[in-house]
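Peer 1: What follows is query.txt; its format and atoms are compact mmCIF, C-alpha atoms.
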# COMPACT_ATOMS: atom_id res chain seq x y z
CA MET Z 50 12.31 -94.57 92.50
CA ASN Z 51 10.53 -93.02 89.51
CA THR Z 52 12.89 -90.09 89.09
CA ARG Z 53 10.93 -88.49 86.25
CA ARG Z 54 7.95 -88.00 88.55
CA HIS Z 55 10.09 -87.32 91.63
CA PHE Z 56 11.88 -84.61 89.65
CA MET Z 57 8.65 -82.71 89.20
CA THR Z 58 6.64 -83.70 92.32
CA GLY Z 59 4.31 -81.03 93.53
CA LEU Z 60 4.09 -78.98 90.34
CA ALA Z 61 0.33 -79.43 90.09
CA ALA Z 62 -0.09 -77.56 93.35
CA VAL Z 63 1.49 -74.40 91.96
CA SER Z 64 0.57 -74.72 88.29
CA THR Z 65 -2.62 -72.70 88.41
CA ILE Z 66 -1.15 -69.80 90.35
CA HIS Z 67 1.25 -68.31 87.83
CA ALA Z 68 -0.69 -67.23 84.76
CA ARG Z 69 1.91 -65.44 82.66
CA THR Z 70 1.79 -61.94 81.32
CA ALA Z 71 2.98 -63.19 77.91
CA LEU Z 72 -0.58 -64.10 77.01
CA GLY Z 73 -1.40 -60.41 76.91
CA SER Z 74 1.95 -59.14 75.67
CA GLN Z 75 2.31 -56.69 72.82
CA ALA Z 76 4.29 -57.44 69.69
CA ASN Z 77 7.40 -55.60 70.91
CA SER Z 78 7.42 -56.98 74.47
CA ARG Z 79 10.46 -58.99 75.54
CA VAL Z 80 9.74 -62.64 76.25
CA LYS Z 81 11.28 -63.68 79.56
CA VAL Z 82 12.59 -67.23 79.23
CA GLY Z 83 13.46 -69.74 81.93
CA LEU Z 84 16.19 -72.13 80.79
CA ILE Z 85 15.81 -75.73 82.02
CA GLY Z 86 19.05 -77.55 81.26
CA CYS Z 87 22.20 -75.42 81.27
CA GLY Z 88 24.77 -77.68 79.60
CA GLN Z 89 26.63 -76.85 76.41
CA ARG Z 90 23.53 -76.81 74.20
CA GLY Z 91 21.54 -74.93 76.83
CA GLN Z 92 24.21 -72.25 76.97
CA LEU Z 93 24.12 -71.85 73.19
CA ILE Z 94 20.34 -71.61 73.11
CA ALA Z 95 20.33 -69.08 75.96
CA ASN Z 96 22.72 -66.87 74.00
CA LEU Z 97 20.63 -67.20 70.84
CA PHE Z 98 17.46 -66.23 72.71
CA ARG Z 99 19.27 -63.07 73.83
CA GLN Z 100 20.54 -62.37 70.31
CA ASN Z 101 16.95 -62.55 69.05
CA GLY Z 102 16.44 -59.09 70.49
CA TYR Z 103 12.89 -59.69 71.71
CA CYS Z 104 13.78 -62.29 74.35
CA GLU Z 105 15.83 -62.44 77.52
CA VAL Z 106 16.86 -65.32 79.76
CA ALA Z 107 15.55 -64.49 83.22
CA ALA Z 108 15.90 -67.78 85.15
CA ALA Z 109 17.93 -70.98 84.97
CA ALA Z 110 17.54 -74.52 86.30
CA ASP Z 111 20.01 -77.38 86.20
CA TYR Z 112 20.82 -80.22 88.56
CA PHE Z 113 24.36 -78.86 88.80
CA PRO Z 114 24.35 -75.45 90.56
CA ASP Z 115 27.50 -74.16 88.85
CA ARG Z 116 25.80 -74.47 85.44
CA ALA Z 117 22.74 -72.49 86.49
CA GLU Z 118 24.94 -69.88 88.18
CA ALA Z 119 27.02 -69.50 85.01
CA ILE Z 120 23.85 -68.71 83.04
CA ALA Z 121 22.79 -66.17 85.70
CA LYS Z 122 26.17 -64.45 85.51
CA GLU Z 123 26.20 -64.39 81.71
CA HIS Z 124 22.63 -63.10 81.44
CA GLN Z 125 22.76 -60.81 84.47
CA PHE Z 126 19.96 -61.98 86.71
CA GLY Z 127 20.04 -62.67 90.43
CA SER Z 128 20.81 -65.91 92.24
CA GLU Z 129 17.20 -66.04 93.47
CA HIS Z 130 16.32 -67.11 89.92
CA THR Z 131 18.81 -70.01 89.77
CA HIS Z 132 17.66 -73.48 90.77
CA SER Z 133 19.53 -76.76 91.20
CA GLY Z 134 18.93 -80.35 92.29
CA LEU Z 135 16.37 -82.83 90.99
CA LYS Z 136 13.53 -80.39 91.73
CA CYS Z 137 15.16 -77.48 89.93
CA ALA Z 138 12.50 -77.28 87.20
CA GLU Z 139 9.74 -77.37 89.80
CA GLU Z 140 11.36 -74.47 91.62
CA LEU Z 141 11.80 -72.41 88.44
CA VAL Z 142 8.13 -72.79 87.51
CA ALA Z 143 6.96 -72.09 91.08
CA LYS Z 144 9.15 -68.99 91.41
CA GLY Z 145 7.49 -67.18 88.52
CA GLY Z 146 8.89 -64.21 86.67
CA VAL Z 147 9.10 -65.88 83.25
CA ASP Z 148 6.76 -66.09 80.25
CA ALA Z 149 8.23 -69.21 78.65
CA VAL Z 150 10.59 -72.09 79.26
CA ALA Z 151 13.24 -73.58 77.01
CA ILE Z 152 13.56 -77.24 77.97
CA ILE Z 153 17.03 -78.52 77.05
CA SER Z 154 17.26 -81.24 79.71
CA PRO Z 155 17.78 -85.01 79.19
CA PRO Z 156 14.77 -86.33 77.22
CA TRP Z 157 13.56 -88.60 80.05
CA PHE Z 158 12.46 -85.46 81.92
CA HIS Z 159 10.74 -83.71 78.98
CA PRO Z 160 7.16 -84.96 79.45
CA GLU Z 161 6.83 -83.91 83.10
CA GLN Z 162 8.61 -80.60 82.56
CA ALA Z 163 6.50 -79.70 79.53
CA LYS Z 164 3.31 -80.64 81.37
CA ALA Z 165 4.24 -78.51 84.37
CA ALA Z 166 5.11 -75.52 82.20
CA VAL Z 167 1.82 -75.61 80.30
CA GLU Z 168 -0.19 -76.04 83.49
CA ALA Z 169 1.59 -72.95 84.84
CA GLY Z 170 0.64 -70.92 81.75
CA LEU Z 171 4.07 -70.90 80.12
CA HIS Z 172 4.97 -71.09 76.44
CA VAL Z 173 7.24 -74.07 75.69
CA TYR Z 174 10.32 -74.36 73.50
CA LEU Z 175 11.28 -78.04 73.65
CA ALA Z 176 14.43 -79.69 72.36
CA LYS Z 177 13.98 -82.83 70.30
CA PRO Z 178 13.27 -85.63 71.02
CA MET Z 179 9.96 -85.12 72.79
CA ALA Z 180 10.43 -88.22 74.92
CA VAL Z 181 12.15 -91.61 75.18
CA ASP Z 182 9.01 -93.81 75.03
CA VAL Z 183 5.47 -93.88 73.66
CA PRO Z 184 3.72 -92.86 76.91
CA GLY Z 185 6.11 -89.92 77.16
CA CYS Z 186 5.33 -88.86 73.58
CA GLN Z 187 1.62 -89.09 74.31
CA SER Z 188 2.10 -86.94 77.41
CA VAL Z 189 3.88 -84.23 75.41
CA GLU Z 190 1.18 -84.43 72.73
CA ALA Z 191 -1.47 -83.90 75.42
CA SER Z 192 0.48 -80.97 76.87
CA ALA Z 193 0.71 -79.39 73.43
CA ALA Z 194 -3.07 -79.78 73.00
CA LYS Z 195 -3.60 -78.17 76.40
CA ALA Z 196 -1.23 -75.35 75.39
CA LYS Z 197 -3.39 -74.64 72.34
CA GLU Z 198 -6.51 -74.53 74.53
CA LYS Z 199 -4.80 -72.05 76.84
CA GLY Z 200 -3.49 -69.82 74.04
CA LEU Z 201 0.14 -70.88 74.46
CA THR Z 202 2.86 -71.42 71.88
CA PHE Z 203 4.58 -74.83 71.88
CA LEU Z 204 7.52 -75.51 69.53
CA ILE Z 205 9.77 -78.55 68.97
CA ASP Z 206 13.27 -77.65 67.76
CA PHE Z 207 14.23 -79.54 64.57
CA GLN Z 208 16.76 -77.57 62.52
CA THR Z 209 16.33 -79.21 59.11
CA ARG Z 210 12.70 -78.15 58.80
CA THR Z 211 13.75 -74.48 58.80
CA ASP Z 212 16.31 -74.83 55.99
CA PRO Z 213 15.24 -73.29 52.64
CA HIS Z 214 16.89 -76.03 50.54
CA TYR Z 215 15.15 -78.81 52.46
CA ILE Z 216 11.86 -76.91 52.30
CA GLU Z 217 12.04 -76.44 48.53
CA CYS Z 218 13.04 -80.07 47.95
CA MET Z 219 10.14 -81.36 50.02
CA LYS Z 220 7.73 -79.01 48.26
CA ARG Z 221 8.73 -80.58 44.95
CA VAL Z 222 8.59 -84.13 46.30
CA HIS Z 223 5.11 -83.61 47.72
CA SER Z 224 3.87 -82.03 44.49
CA GLY Z 225 4.14 -85.42 42.80
CA VAL Z 226 6.53 -84.31 40.08
CA MET Z 227 9.05 -86.95 41.21
CA GLY Z 228 6.61 -89.77 40.51
CA ARG Z 229 6.45 -92.97 42.54
CA LEU Z 230 8.99 -93.73 45.24
CA GLY Z 231 10.93 -96.95 44.72
CA HIS Z 232 13.07 -97.11 47.83
CA GLY Z 233 15.12 -94.95 50.14
CA GLU Z 234 18.11 -94.82 52.46
CA ALA Z 235 18.54 -92.89 55.71
CA LEU Z 236 21.96 -92.80 57.36
CA TYR Z 237 23.53 -91.26 60.46
CA HIS Z 238 27.21 -92.16 60.63
CA ALA Z 239 29.34 -90.25 63.12
CA GLY Z 240 32.24 -90.50 65.52
CA ARG Z 241 31.71 -91.03 69.21
CA LEU Z 242 30.65 -88.36 71.68
CA GLY Z 243 32.92 -87.22 74.49
CA VAL Z 244 32.66 -88.69 77.98
CA LYS Z 245 31.89 -86.27 80.81
CA GLY Z 246 32.85 -87.27 84.33
CA ASP Z 247 32.97 -90.63 86.09
CA ASP Z 248 30.18 -92.86 84.83
CA LYS Z 249 30.34 -94.98 88.00
CA THR Z 250 28.65 -92.31 90.14
CA ALA Z 251 25.04 -91.04 90.01
CA GLU Z 252 26.20 -87.54 89.10
CA GLY Z 253 28.55 -88.95 86.48
CA ARG Z 254 25.71 -90.89 84.88
CA LEU Z 255 23.61 -87.73 84.75
CA LEU Z 256 26.49 -85.85 83.13
CA ASN Z 257 26.82 -88.71 80.63
CA TRP Z 258 23.09 -88.95 79.96
CA VAL Z 259 23.59 -89.18 76.18
CA PHE Z 260 25.15 -92.63 76.70
CA HIS Z 261 22.33 -94.01 78.87
CA LYS Z 262 19.28 -95.53 77.17
CA ASN Z 263 16.68 -94.62 79.79
CA LEU Z 264 17.78 -90.99 79.91
CA SER Z 265 18.35 -90.45 76.17
CA GLY Z 266 16.20 -93.06 74.42
CA ASP Z 267 19.36 -94.58 72.82
CA ILE Z 268 21.21 -93.08 69.87
CA ILE Z 269 18.33 -93.74 67.46
CA VAL Z 270 15.96 -91.54 69.46
CA GLU Z 271 18.35 -88.86 70.69
CA GLN Z 272 20.60 -88.32 67.65
CA ASN Z 273 19.54 -90.49 64.70
CA ILE Z 274 16.08 -88.92 64.88
CA HIS Z 275 17.43 -86.14 62.62
CA THR Z 276 17.71 -88.40 59.58
CA LEU Z 277 14.52 -90.28 60.46
CA ASP Z 278 12.74 -86.93 60.61
CA VAL Z 279 13.84 -86.18 57.04
CA MET Z 280 12.63 -89.64 56.01
CA ASN Z 281 9.30 -88.95 57.72
CA TRP Z 282 9.10 -85.56 56.01
CA ALA Z 283 9.71 -87.09 52.57
CA MET Z 284 7.06 -89.74 53.33
CA ASN Z 285 4.61 -86.93 54.17
CA ASN Z 286 4.18 -88.11 57.77
CA ALA Z 287 2.96 -91.60 56.80
CA GLU Z 288 2.91 -94.48 59.29
CA PRO Z 289 5.38 -97.29 58.58
CA VAL Z 290 3.69 -100.68 58.34
CA ARG Z 291 6.51 -102.41 60.23
CA VAL Z 292 10.21 -102.18 60.98
CA SER Z 293 12.78 -104.91 61.53
CA GLY Z 294 16.50 -105.11 62.10
CA THR Z 295 19.19 -105.07 64.71
CA ALA Z 296 21.29 -102.88 66.97
CA ALA Z 297 24.59 -103.63 68.62
CA ARG Z 298 27.01 -102.45 71.29
CA LEU Z 299 30.34 -103.72 70.07
CA ILE Z 300 32.95 -100.98 69.77
CA ARG Z 301 32.04 -98.03 72.03
CA THR Z 302 31.58 -99.97 75.28
CA ASP Z 303 33.35 -97.82 77.89
CA VAL Z 304 30.37 -95.78 79.11
CA GLY Z 305 26.61 -96.14 79.51
CA ASP Z 306 24.45 -98.81 77.87
CA ASN Z 307 23.48 -97.27 74.51
CA SER Z 308 23.95 -99.10 71.23
CA ASP Z 309 26.72 -97.96 68.91
CA THR Z 310 25.13 -99.20 65.65
CA TYR Z 311 21.67 -99.72 64.14
CA SER Z 312 20.69 -101.53 60.93
CA LEU Z 313 16.97 -101.45 60.14
CA VAL Z 314 14.42 -101.63 57.32
CA TYR Z 315 11.27 -99.52 57.54
CA GLU Z 316 8.42 -100.85 55.40
CA TYR Z 317 5.79 -98.37 54.19
CA PRO Z 318 2.42 -99.02 52.48
CA GLY Z 319 2.74 -100.38 48.95
CA GLY Z 320 5.84 -102.44 49.75
CA ILE Z 321 8.19 -99.43 49.85
CA GLY Z 322 11.33 -100.21 51.85
CA ILE Z 323 13.64 -97.61 53.38
CA THR Z 324 16.88 -98.83 54.90
CA PHE Z 325 18.34 -97.06 57.92
CA SER Z 326 21.77 -97.43 59.44
CA SER Z 327 23.81 -95.58 62.01
CA ARG Z 328 27.10 -95.79 63.81
CA GLN Z 329 28.47 -93.78 66.69
CA PHE Z 330 32.10 -94.74 67.08
CA ASP Z 331 35.43 -93.66 65.63
CA SER Z 332 36.12 -95.79 62.57
CA ARG Z 333 39.56 -94.69 61.23
CA SER Z 334 38.40 -95.97 57.85
CA GLY Z 335 38.35 -92.60 56.15
CA ALA Z 336 34.94 -93.53 54.74
CA PRO Z 337 32.50 -90.61 54.60
CA GLY Z 338 29.96 -90.27 57.36
CA GLY Z 339 27.28 -87.67 57.88
CA ILE Z 340 23.52 -87.37 58.23
CA THR Z 341 22.18 -88.22 54.79
CA ASN Z 342 19.04 -89.33 52.98
CA ARG Z 343 18.67 -90.76 49.48
CA MET Z 344 15.12 -91.22 48.19
CA HIS Z 345 14.88 -92.78 44.73
CA TYR Z 346 11.77 -91.95 42.65
CA GLU Z 347 10.81 -92.95 39.13
CA ASN Z 348 11.67 -89.44 37.85
CA GLY Z 349 14.69 -88.57 39.97
CA ALA Z 350 16.32 -88.72 43.39
CA LEU Z 351 16.14 -86.59 46.52
CA LEU Z 352 19.61 -86.27 48.08
CA THR Z 353 20.04 -84.51 51.43
CA GLU Z 354 22.94 -83.99 53.80
CA TYR Z 355 22.67 -82.19 57.14
CA GLY Z 356 25.16 -79.34 56.83
CA GLY Z 357 26.05 -80.31 53.28
CA LEU Z 358 24.41 -80.33 49.84
CA THR Z 359 20.67 -80.85 49.55
CA MET Z 360 19.28 -81.21 46.01
CA ILE Z 361 17.13 -83.16 43.55
CA ARG Z 362 18.78 -84.98 40.64
CA GLY Z 363 16.84 -85.82 37.50
CA PRO Z 364 15.67 -84.40 34.17
CA LYS Z 365 15.12 -80.68 33.63
CA GLU Z 366 11.52 -80.64 34.83
CA VAL Z 367 12.58 -82.23 38.15
CA TYR Z 368 16.15 -81.03 38.72
CA TYR Z 369 16.81 -78.64 41.59
CA ALA Z 370 20.41 -77.58 42.26
CA GLY Z 371 19.66 -76.82 45.89
CA GLY Z 372 22.61 -75.72 47.96
CA LYS Z 373 24.75 -76.28 51.02
CA SER Z 374 23.84 -75.29 54.57
CA PRO Z 375 27.05 -75.54 56.60
CA GLY Z 376 25.55 -73.53 59.46
CA ILE Z 377 22.29 -75.49 59.67
CA TYR Z 378 22.68 -76.43 63.36
CA LYS Z 379 22.97 -72.86 64.64
CA ASP Z 380 20.93 -71.27 61.85
CA GLY Z 381 18.08 -73.70 62.47
CA ILE Z 382 17.98 -72.84 66.17
CA ILE Z 383 17.97 -69.13 65.35
CA ALA Z 384 15.07 -69.66 62.94
CA ASN Z 385 13.10 -71.66 65.49
CA ILE Z 386 13.68 -69.10 68.24
CA GLY Z 387 12.51 -66.38 65.86
CA ALA Z 388 9.38 -68.36 64.97
CA PHE Z 389 8.72 -69.03 68.66
CA GLN Z 390 8.98 -65.35 69.61
CA LYS Z 391 6.85 -64.18 66.69
CA ALA Z 392 4.16 -66.76 67.45
CA ILE Z 393 4.00 -65.58 71.06
CA ALA Z 394 3.73 -61.95 69.97
CA ALA Z 395 1.01 -62.78 67.43
CA ARG Z 396 -0.79 -65.10 69.85
CA ASP Z 397 -0.41 -67.80 67.20
CA THR Z 398 -1.14 -71.23 68.66
CA THR Z 399 -0.97 -73.17 65.40
CA ASN Z 400 1.97 -75.07 66.94
CA SER Z 401 2.64 -76.79 63.63
CA THR Z 402 5.84 -78.54 64.74
CA ILE Z 403 3.99 -80.90 67.08
CA ALA Z 404 2.48 -83.44 64.64
CA PRO Z 405 5.59 -84.14 62.50
CA SER Z 406 7.89 -84.15 65.54
CA LEU Z 407 5.61 -86.65 67.28
CA ARG Z 408 5.61 -88.95 64.24
CA SER Z 409 9.40 -88.80 63.88
CA ASN Z 410 9.85 -89.53 67.59
CA LEU Z 411 7.52 -92.54 67.38
CA ILE Z 412 9.30 -93.84 64.25
CA ALA Z 413 12.62 -93.71 66.11
CA ILE Z 414 11.18 -95.54 69.13
CA MET Z 415 9.68 -98.12 66.74
CA GLY Z 416 13.15 -98.86 65.39
CA ARG Z 417 14.61 -99.23 68.87
CA LEU Z 418 11.85 -101.65 69.88
CA ALA Z 419 12.40 -103.81 66.78
CA ALA Z 420 16.11 -104.03 67.50
CA GLU Z 421 15.52 -104.81 71.20
CA ARG Z 422 12.92 -107.49 70.47
CA LYS Z 423 14.87 -108.93 67.51
CA ALA Z 424 11.55 -109.20 65.71
CA PRO Z 425 9.44 -107.01 63.41
CA VAL Z 426 7.34 -104.36 65.15
CA THR Z 427 4.11 -103.04 63.63
CA TRP Z 428 2.63 -99.60 64.23
CA ASP Z 429 -0.09 -101.02 66.49
CA GLU Z 430 2.52 -102.89 68.52
CA LEU Z 431 4.53 -99.71 68.85
CA MET Z 432 1.57 -97.74 70.15
CA ALA Z 433 0.83 -100.43 72.75
CA SER Z 434 4.41 -100.50 74.05
CA PRO Z 435 5.00 -99.66 77.73
CA ALA Z 436 7.04 -96.92 79.32
CA MET Z 437 10.77 -97.43 79.71
CA PRO Z 438 11.99 -98.26 83.21
CA ALA Z 439 13.07 -95.22 85.22
CA PRO Z 440 16.80 -94.43 85.11
CA ASP Z 441 18.85 -95.18 88.18
CA LEU Z 442 19.50 -91.75 89.68
CA ASN Z 443 19.50 -92.85 93.31
CA GLY Z 444 22.01 -90.83 95.26
CA LEU Z 445 21.29 -87.52 93.55
CA GLN Z 446 20.25 -84.53 95.62
CA ALA Z 447 16.58 -83.63 95.58
Could you quickly redo this structure as structure tokens?

Peer 2:
Amino acid sequence: MNTRRHFMTGLAAVSTIHARTALGSQANSRVKVGLIGCGQRGQLIANLFRQNGYCEVAAAADYFPDRAEAIAKEHQFGSEHTHSGLKCAEELVAKGGVDAVAIISPPWFHPEQAKAAVEAGLHVYLAKPMAVDVPGCQSVEASAAKAKEKGLTFLIDFQTRTDPHYIECMKRVHSGVMGRLGHGEALYHAGRLGVKGDDKTAEGRLLNWVFHKNLSGDIIVEQNIHTLDVMNWAMNNAEPVRVSGTAARLIRTDVGDNSDTYSLVYEYPGGIGITFSSRQFDSRSGAPGGITNRMHYENGALLTEYGGLTMIRGPKEVYYAGGKSPGIYKDGIIANIGAFQKAIAARDTTNSTIAPSLRSNLIAIMGRLAAERKAPVTWDELMASPAMPAPDLNGLQA
């Protein structure tokens, strides 16, 4: 069963009925948001939409009814606006009463949910990654283009691109003052994530979606994309020529089928090589981890750390002391929610997060394909790659 399409079956029939009032809203109108995906991150984002002051959460959808009901209780709306089961997103869109959706569901479902929302006239706030495969990315790209045509705001939530230290560093890098790039390193080293429920059941696998490749895209697409996005940003959205390397599943083997390490080399035009590595298991080594990038130029080095110090080292004309951003995860979400609300109020459909988010997503998928194939993958080969097989969610309630 193709659960991604089953999850959203029938949305086309209702999509043209519910043109939203947000398209004609005034600057001080409250944006009514439907939350799709009510897990831990969804709960945080719902609260931050409320704290924005110009938004309110007015509907919730999650496969698990208790999660949607908890959002309804916290945000004080009726049970008629809570939806559960595999068709929960379909029901939320069909019900109406919202101006926008925040899609915080497992990435496998993102393309169909984003498409349905745009067809229904809703603004879209979408968690990264866009999708788990190239066809999914292309679907989201098409939905974003349709959103622009319809006067809708569409935003992808990457926190680092809102941080002032990252922004200033990249401004200097792109100015050319750093000179030629020699090579770079992108790392994402972290402990393991917590297991939720019994992975032997269909519902347990859905709860543990971050450990399942077809639901999450593997660790390189779902989590490591943060450091690859910074690499992509520093490379000014360039296409890698090819990528090669390996992935393994050696230490964290108790749940799902995701890899627990990646070791890759991305080759860019001009023979520039950027190494990438990640781990997602508890090491006990005491060695430092983190989400870091080191880009070495002829006149200095760009050094970034998600939540830590971001700066440029080099002579006086290049040096930038930068600073630390320990609250980048939450602060970045707050900034993106603010930008989303302001764009809706201003009827701004620039939707500038789409192009770089798409490129970073594709770069992550490219790395996964190279590791799976155990052979170099070029950009053209990436773009011709097929969709991932549908996840096994048989046994879940429609």

Peer 1: Suppose you want the space between atom CA of Z:His275 and atom CA of Z:Arg221; what is it in Å?

Peer 2: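 Result for atom CA of Z:His275 versus atom CA of Z:Arg221: 20.5 Å, one decimal.
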
Peer 1: Find, counting all atoms listed in the file, the residue in Z:His172, Z:His132, Z:Arg422, Z:Arg333 that gets nearest to Z:Arg241.

Peer 2: Z:Arg333

Peer 1: Which residues are near Z:Asn96? Cut-off 9 Å, all atoms listed in the file, ignore same chain within fewer than 2 positions. Put them as a list in words.

Peer 2: Gly91, Gln92, Leu93, Ile94, Phe98, Arg99, Gln100, Asn101, Glu105, Val106, Glu123 and His124 of chain Z

Peer 1: Compute the distance from (19.8, -85.7, 81.8) to each atom, counting all atoms listed in the file, keep the residues with any atom at most 8 Å away, and return them as a list in words; use the coordinates of the file.

Peer 2: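 I get Ser154, Pro155, Pro156, Trp157, Phe158, Leu255, Leu256, Asn257, Trp258, Val259, Leu264 and Ser265 of chain Z for the residues within 8 Å of that point.
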
Peer 1: Within 9 Å of (14.6, -72.5, 62.1), all atoms listed in the file: residues as JSON, numbers by chain?

Peer 2: {"Z": [206, 207, 208, 209, 210, 211, 212, 377, 379, 380, 381, 382, 383, 384, 385, 386, 387, 388]}

Peer 1: Restricting the output to C-alpha atoms, write the selected residues as a CSV table (one decimal), keeping the file's coordinate frame.

Peer 2:
chain,number,residue,atom,x,y,z
Z,206,ASP,CA,13.3,-77.6,67.8
Z,207,PHE,CA,14.2,-79.5,64.6
Z,208,GLN,CA,16.8,-77.6,62.5
Z,209,THR,CA,16.3,-79.2,59.1
Z,210,ARG,CA,12.7,-78.2,58.8
Z,211,THR,CA,13.8,-74.5,58.8
Z,212,ASP,CA,16.3,-74.8,56.0
Z,377,ILE,CA,22.3,-75.5,59.7
Z,379,LYS,CA,23.0,-72.9,64.6
Z,380,ASP,CA,20.9,-71.3,61.8
Z,381,GLY,CA,18.1,-73.7,62.5
Z,382,ILE,CA,18.0,-72.8,66.2
Z,383,ILE,CA,18.0,-69.1,65.4
Z,384,ALA,CA,15.1,-69.7,62.9
Z,385,ASN,CA,13.1,-71.7,65.5
Z,386,ILE,CA,13.7,-69.1,68.2
Z,387,GLY,CA,12.5,-66.4,65.9
Z,388,ALA,CA,9.4,-68.4,65.0

Peer 1: Ranking Z:Val244, Z:Cys104, Z:Ile393, Z:Ala138 by minimum distance to Z:Ala196 and counting all atoms listed in the file, which one comes first?

Peer 2: Z:Ile393

Peer 1: Between atom CA of Z:Ile403 and atom CA of Z:Val292, what is the spacing in Å?

Peer 2: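 Atom CA of Z:Ile403 lies 23.0 Å from atom CA of Z:Val292.
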